[in-house]
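> Would you mind keeping the following structure in view while I ask a few things?
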Number of protein chains: 2
Amino acid sequence: MRRDSGAGNIFADLNPDPAAEHVEDLLSLPGVRIERIVSCGQASPPDFWYDQPQGEWVLLLDGAAGLQFEGEKAPRQLQRGDYLWIAPHRRHRVAWTATDRTTIWLALHIDEAQP
Amino acid sequence: MRRDSGAGNIFADLNPDPAAEHVEDLLSLPGVRIERIVSCGQASPPDFWYDQPQGEWVLLLDGAAGLQFEGEKAPRQLQRGDYLWIAPHRRHRVAWTATDRTTIWLALHIDEAQP
């Protein structure tokens, strides 16, 4: 799906939902997908690790979260404006997101160009 | 240039500069480049139009700006959180950016996959 008309406001229609994380594609092109994720206290299931073939660039637009990389002692504490790069197959999980406010992530999923 | 270590805060070290717009690569991969642009009243030169072979996804993180597309009567007014997609070769210019505060853009330059 591609949205050439894809204009909007990333803080609109958040509808924070304690029951579930909400993920929305803002743009999807060959090789690149841009997502907005709205969290409301959610975390990855215990012992669950993401292991993704794509790289992911994450920017925390609001709220707070803990992102755990496998092999690191403690989750990285993410605040508003923090960004980081998750290389393909770098195992990670969301340890926690704020329960007292809405957390908004921008996530870019990027396919590595094949040699 | 690729920054695997590329973690930071997008609101840090803004150094707003009325003399010049500041552009910084946050991540550069084959086919995708992520930029932070800090504006302080700058606009495109009169009668200058960007005409880029890459598509560009723009998110206004703070401040305010007017983005003019060729063929549209008036610039789009961008506020905090507004995003839009600029298709390859869609001619556009920055009509204005706020003079009373700092404007921060996130810009993703995306090469179209060749068929």
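Labeling convention for the structure tokens: chains A, B, ... as they appear, residues from 1 per chain, ligands from 1 in order of appearance.
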Mind checking which residues fall within 7 Å of stretch 26-40 of chain A, counting only C-alpha atoms, ignoring those fewer than 2 positions away in the same chain, and posting them as a list in words?

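Selected residues are Met1, Arg2, Arg3, Gly6, Leu14, Pro16, Asp17, Pro18, Glu21, His22, Val23, Glu24, Gln42, Thr97, Ala98, Thr99, Arg101, Thr102, Thr103, Ile104, Trp105, Leu106, Ala107, Leu108, His109, Ile110 and Asp111 of chain A; Ala113 of chain B.
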
> Take the residues that were just selected and, keeping C-alpha atoms, output them as a CSV table (one decimal), in the first residue's frame.


```csv
chain,number,residue,atom,x,y,z
A,1,MET,CA,0.0,0.0,0.0
A,2,ARG,CA,1.3,3.4,-0.9
A,3,ARG,CA,-0.1,6.7,0.2
A,6,GLY,CA,0.0,10.7,2.8
A,14,LEU,CA,-3.8,8.9,19.1
A,16,PRO,CA,-4.4,5.7,23.6
A,17,ASP,CA,-5.5,2.2,24.4
A,18,PRO,CA,-4.4,0.4,27.6
A,21,GLU,CA,-0.6,-1.1,21.2
A,22,HIS,CA,-1.7,0.6,17.9
A,23,VAL,CA,0.5,0.4,14.8
A,24,GLU,CA,-0.3,2.4,11.7
A,42,GLN,CA,2.5,-2.2,26.7
A,97,THR,CA,6.4,1.9,28.1
A,98,ALA,CA,5.1,4.7,30.3
A,99,THR,CA,1.8,3.9,32.0
A,101,ARG,CA,1.1,9.0,29.5
A,102,THR,CA,1.0,8.0,25.9
A,103,THR,CA,4.1,6.9,24.2
A,104,ILE,CA,4.5,7.7,20.5
A,105,TRP,CA,7.1,6.0,18.3
A,106,LEU,CA,8.1,6.7,14.8
A,107,ALA,CA,9.6,3.5,13.3
A,108,LEU,CA,11.3,3.2,10.0
A,109,HIS,CA,11.8,-0.3,8.7
A,110,ILE,CA,14.5,-0.4,6.1
A,111,ASP,CA,15.5,-3.3,3.9
B,113,ALA,CA,13.6,1.0,-6.1
```

> With a distance cut-off of 8 Å and only C-alpha atoms, select the neighbouring residues of B:Ile10, excluding the residue or stretch itself and same-chain residues fewer than 3 positions from it, and output the selection as a ChimeraX atom specification.

/A:81-83 /B:36

> Write to file, as an mmCIF file, in the first residue's frame, the residues of the selection just made, with N, CA, C and O atoms.


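As written to disk, part_35.cif reads:
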```cif
data_model
loop_
_atom_site.group_PDB
_atom_site.id
_atom_site.type_symbol
_atom_site.label_atom_id
_atom_site.label_comp_id
_atom_site.auth_asym_id
_atom_site.auth_seq_id
_atom_site.Cartn_x
_atom_site.Cartn_y
_atom_site.Cartn_z
ATOM 1 N N GLY A 81 12.322 12.509 21.922
ATOM 2 C CA GLY A 81 13.371 12.966 21.014
ATOM 3 C C GLY A 81 14.503 11.971 20.840
ATOM 4 O O GLY A 81 15.317 12.122 19.924
ATOM 5 N N ASP A 82 14.561 10.956 21.689
ATOM 6 C CA ASP A 82 15.652 9.984 21.566
ATOM 7 C C ASP A 82 15.442 9.100 20.340
ATOM 8 O O ASP A 82 14.324 8.655 20.061
ATOM 9 N N TYR A 83 16.517 8.852 19.616
ATOM 10 C CA TYR A 83 16.446 7.961 18.478
ATOM 11 C C TYR A 83 17.582 6.956 18.560
ATOM 12 O O TYR A 83 18.601 7.199 19.221
ATOM 13 N N ARG B 36 18.268 15.630 9.953
ATOM 14 C CA ARG B 36 17.636 16.653 10.776
ATOM 15 C C ARG B 36 18.001 18.013 10.185
ATOM 16 O O ARG B 36 19.159 18.278 9.889
#
```

> Hand me chain B as it sits after a least-squares fit onto chain A over every Cα, paired in order, written as an mmCIF file with C-alpha atoms, in the first residue's frame.


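Once written, part.cif looks like this:
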```
data_model
loop_
_atom_site.group_PDB
_atom_site.id
_atom_site.type_symbol
_atom_site.label_atom_id
_atom_site.label_comp_id
_atom_site.auth_asym_id
_atom_site.auth_seq_id
_atom_site.Cartn_x
_atom_site.Cartn_y
_atom_site.Cartn_z
ATOM 1 C CA MET B 1 0.036 0.038 0.051
ATOM 2 C CA ARG B 2 1.338 3.416 -0.868
ATOM 3 C CA ARG B 3 -0.042 6.724 0.187
ATOM 4 C CA ASP B 4 1.091 9.438 -2.136
ATOM 5 C CA SER B 5 -1.487 11.668 -0.559
ATOM 6 C CA GLY B 6 0.076 10.669 2.766
ATOM 7 C CA ALA B 7 -0.154 13.918 4.655
ATOM 8 C CA GLY B 8 -1.330 14.125 8.240
ATOM 9 C CA ASN B 9 -0.343 14.945 11.777
ATOM 10 C CA ILE B 10 1.542 12.372 13.757
ATOM 11 C CA PHE B 11 -0.034 13.506 17.036
ATOM 12 C CA ALA B 12 -3.603 13.325 15.708
ATOM 13 C CA ASP B 13 -6.108 10.583 16.573
ATOM 14 C CA LEU B 14 -3.837 8.913 19.078
ATOM 15 C CA ASN B 15 -6.653 7.043 20.839
ATOM 16 C CA PRO B 16 -4.348 5.671 23.535
ATOM 17 C CA ASP B 17 -5.524 2.189 24.415
ATOM 18 C CA PRO B 18 -4.388 0.400 27.565
ATOM 19 C CA ALA B 19 -5.667 -2.826 26.018
ATOM 20 C CA ALA B 20 -3.390 -2.847 22.986
ATOM 21 C CA GLU B 21 -0.583 -1.116 21.155
ATOM 22 C CA HIS B 22 -1.698 0.546 17.917
ATOM 23 C CA VAL B 23 0.473 0.424 14.822
ATOM 24 C CA GLU B 24 -0.276 2.401 11.692
ATOM 25 C CA ASP B 25 1.591 2.596 8.397
ATOM 26 C CA LEU B 26 2.214 6.194 7.391
ATOM 27 C CA LEU B 27 4.079 5.327 4.217
ATOM 28 C CA SER B 28 5.007 2.080 2.547
ATOM 29 C CA LEU B 29 7.412 1.929 -0.371
ATOM 30 C CA PRO B 30 9.585 -0.866 -1.739
ATOM 31 C CA GLY B 31 12.309 -1.257 0.858
ATOM 32 C CA VAL B 32 11.024 1.300 3.362
ATOM 33 C CA ARG B 33 8.038 1.389 5.669
ATOM 34 C CA ILE B 34 7.227 4.209 8.092
ATOM 35 C CA GLU B 35 5.086 3.358 11.094
ATOM 36 C CA ARG B 36 3.524 5.230 13.955
ATOM 37 C CA ILE B 37 3.206 3.145 17.097
ATOM 38 C CA VAL B 38 1.073 4.324 20.019
ATOM 39 C CA SER B 39 1.820 2.571 23.298
ATOM 40 C CA CYS B 40 0.051 2.857 26.581
ATOM 41 C CA GLY B 41 1.968 0.768 29.084
ATOM 42 C CA GLN B 42 2.532 -2.170 26.748
ATOM 43 C CA ALA B 43 5.744 -4.168 26.707
ATOM 44 C CA SER B 44 6.988 -7.169 24.789
ATOM 45 C CA PRO B 45 5.928 -10.486 26.300
ATOM 46 C CA PRO B 46 8.433 -11.909 28.786
ATOM 47 C CA ASP B 47 11.332 -13.635 27.054
ATOM 48 C CA PHE B 48 10.104 -12.461 23.659
ATOM 49 C CA TRP B 49 12.773 -10.950 21.397
ATOM 50 C CA TYR B 50 12.304 -9.201 18.105
ATOM 51 C CA ASP B 51 14.699 -10.582 15.492
ATOM 52 C CA GLN B 52 14.015 -8.708 12.280
ATOM 53 C CA PRO B 53 15.585 -9.070 8.837
ATOM 54 C CA GLN B 54 15.102 -5.324 8.288
ATOM 55 C CA GLY B 55 16.978 -2.586 10.052
ATOM 56 C CA GLU B 56 14.820 -0.271 12.135
ATOM 57 C CA TRP B 57 15.353 3.385 12.990
ATOM 58 C CA VAL B 58 13.270 4.405 15.981
ATOM 59 C CA LEU B 59 12.452 7.899 17.222
ATOM 60 C CA LEU B 60 10.503 8.389 20.433
ATOM 61 C CA LEU B 61 8.212 11.335 19.748
ATOM 62 C CA ASP B 62 6.568 11.456 23.146
ATOM 63 C CA GLY B 63 6.273 9.492 26.372
ATOM 64 C CA ALA B 64 8.954 7.183 27.704
ATOM 65 C CA ALA B 65 10.095 3.619 27.115
ATOM 66 C CA GLY B 66 12.762 1.078 27.929
ATOM 67 C CA LEU B 67 14.335 -0.752 25.000
ATOM 68 C CA GLN B 68 16.382 -3.796 25.851
ATOM 69 C CA PHE B 69 19.059 -5.121 23.532
ATOM 70 C CA GLU B 70 20.144 -8.709 24.027
ATOM 71 C CA GLY B 71 23.463 -8.776 25.827
ATOM 72 C CA GLU B 72 23.054 -5.380 27.479
ATOM 73 C CA LYS B 73 22.576 -5.279 31.227
ATOM 74 C CA ALA B 74 19.706 -2.826 31.362
ATOM 75 C CA PRO B 75 17.160 -1.377 28.979
ATOM 76 C CA ARG B 76 18.022 1.899 27.257
ATOM 77 C CA GLN B 77 15.840 4.600 28.729
ATOM 78 C CA LEU B 78 14.203 6.502 25.888
ATOM 79 C CA GLN B 79 12.743 9.961 26.391
ATOM 80 C CA ARG B 80 11.104 12.405 24.001
ATOM 81 C CA GLY B 81 13.380 12.957 21.017
ATOM 82 C CA ASP B 82 15.658 9.977 21.563
ATOM 83 C CA TYR B 83 16.449 7.948 18.470
ATOM 84 C CA LEU B 84 18.469 4.852 17.784
ATOM 85 C CA TRP B 85 19.276 2.367 15.068
ATOM 86 C CA ILE B 86 18.484 -1.301 15.434
ATOM 87 C CA ALA B 87 20.590 -3.277 12.975
ATOM 88 C CA PRO B 88 19.039 -6.252 11.166
ATOM 89 C CA HIS B 89 18.799 -9.288 13.457
ATOM 90 C CA ARG B 90 19.893 -7.340 16.494
ATOM 91 C CA ARG B 91 17.655 -8.920 19.086
ATOM 92 C CA HIS B 92 15.681 -6.503 21.189
ATOM 93 C CA ARG B 93 12.489 -6.127 23.139
ATOM 94 C CA VAL B 94 10.403 -3.365 24.626
ATOM 95 C CA ALA B 95 10.944 -3.722 28.360
ATOM 96 C CA TRP B 96 8.340 -1.141 29.304
ATOM 97 C CA THR B 97 6.447 1.925 28.141
ATOM 98 C CA ALA B 98 5.073 4.696 30.339
ATOM 99 C CA THR B 99 1.805 3.925 32.055
ATOM 100 C CA ASP B 100 0.966 7.508 33.018
ATOM 101 C CA ARG B 101 1.058 8.992 29.516
ATOM 102 C CA THR B 102 0.951 8.015 25.893
ATOM 103 C CA THR B 103 4.138 6.930 24.176
ATOM 104 C CA ILE B 104 4.462 7.659 20.462
ATOM 105 C CA TRP B 105 7.105 6.017 18.336
ATOM 106 C CA LEU B 106 8.147 6.684 14.797
ATOM 107 C CA ALA B 107 9.626 3.502 13.350
ATOM 108 C CA LEU B 108 11.329 3.196 9.984
ATOM 109 C CA HIS B 109 11.796 -0.319 8.708
ATOM 110 C CA ILE B 110 14.525 -0.381 6.120
ATOM 111 C CA ASP B 111 15.426 -3.340 3.923
ATOM 112 C CA GLU B 112 19.145 -3.664 3.473
ATOM 113 C CA ALA B 113 20.111 -3.279 -0.138
ATOM 114 C CA GLN B 114 21.430 -6.556 -1.458
ATOM 115 C CA PRO B 115 24.965 -6.448 -2.867
#
```
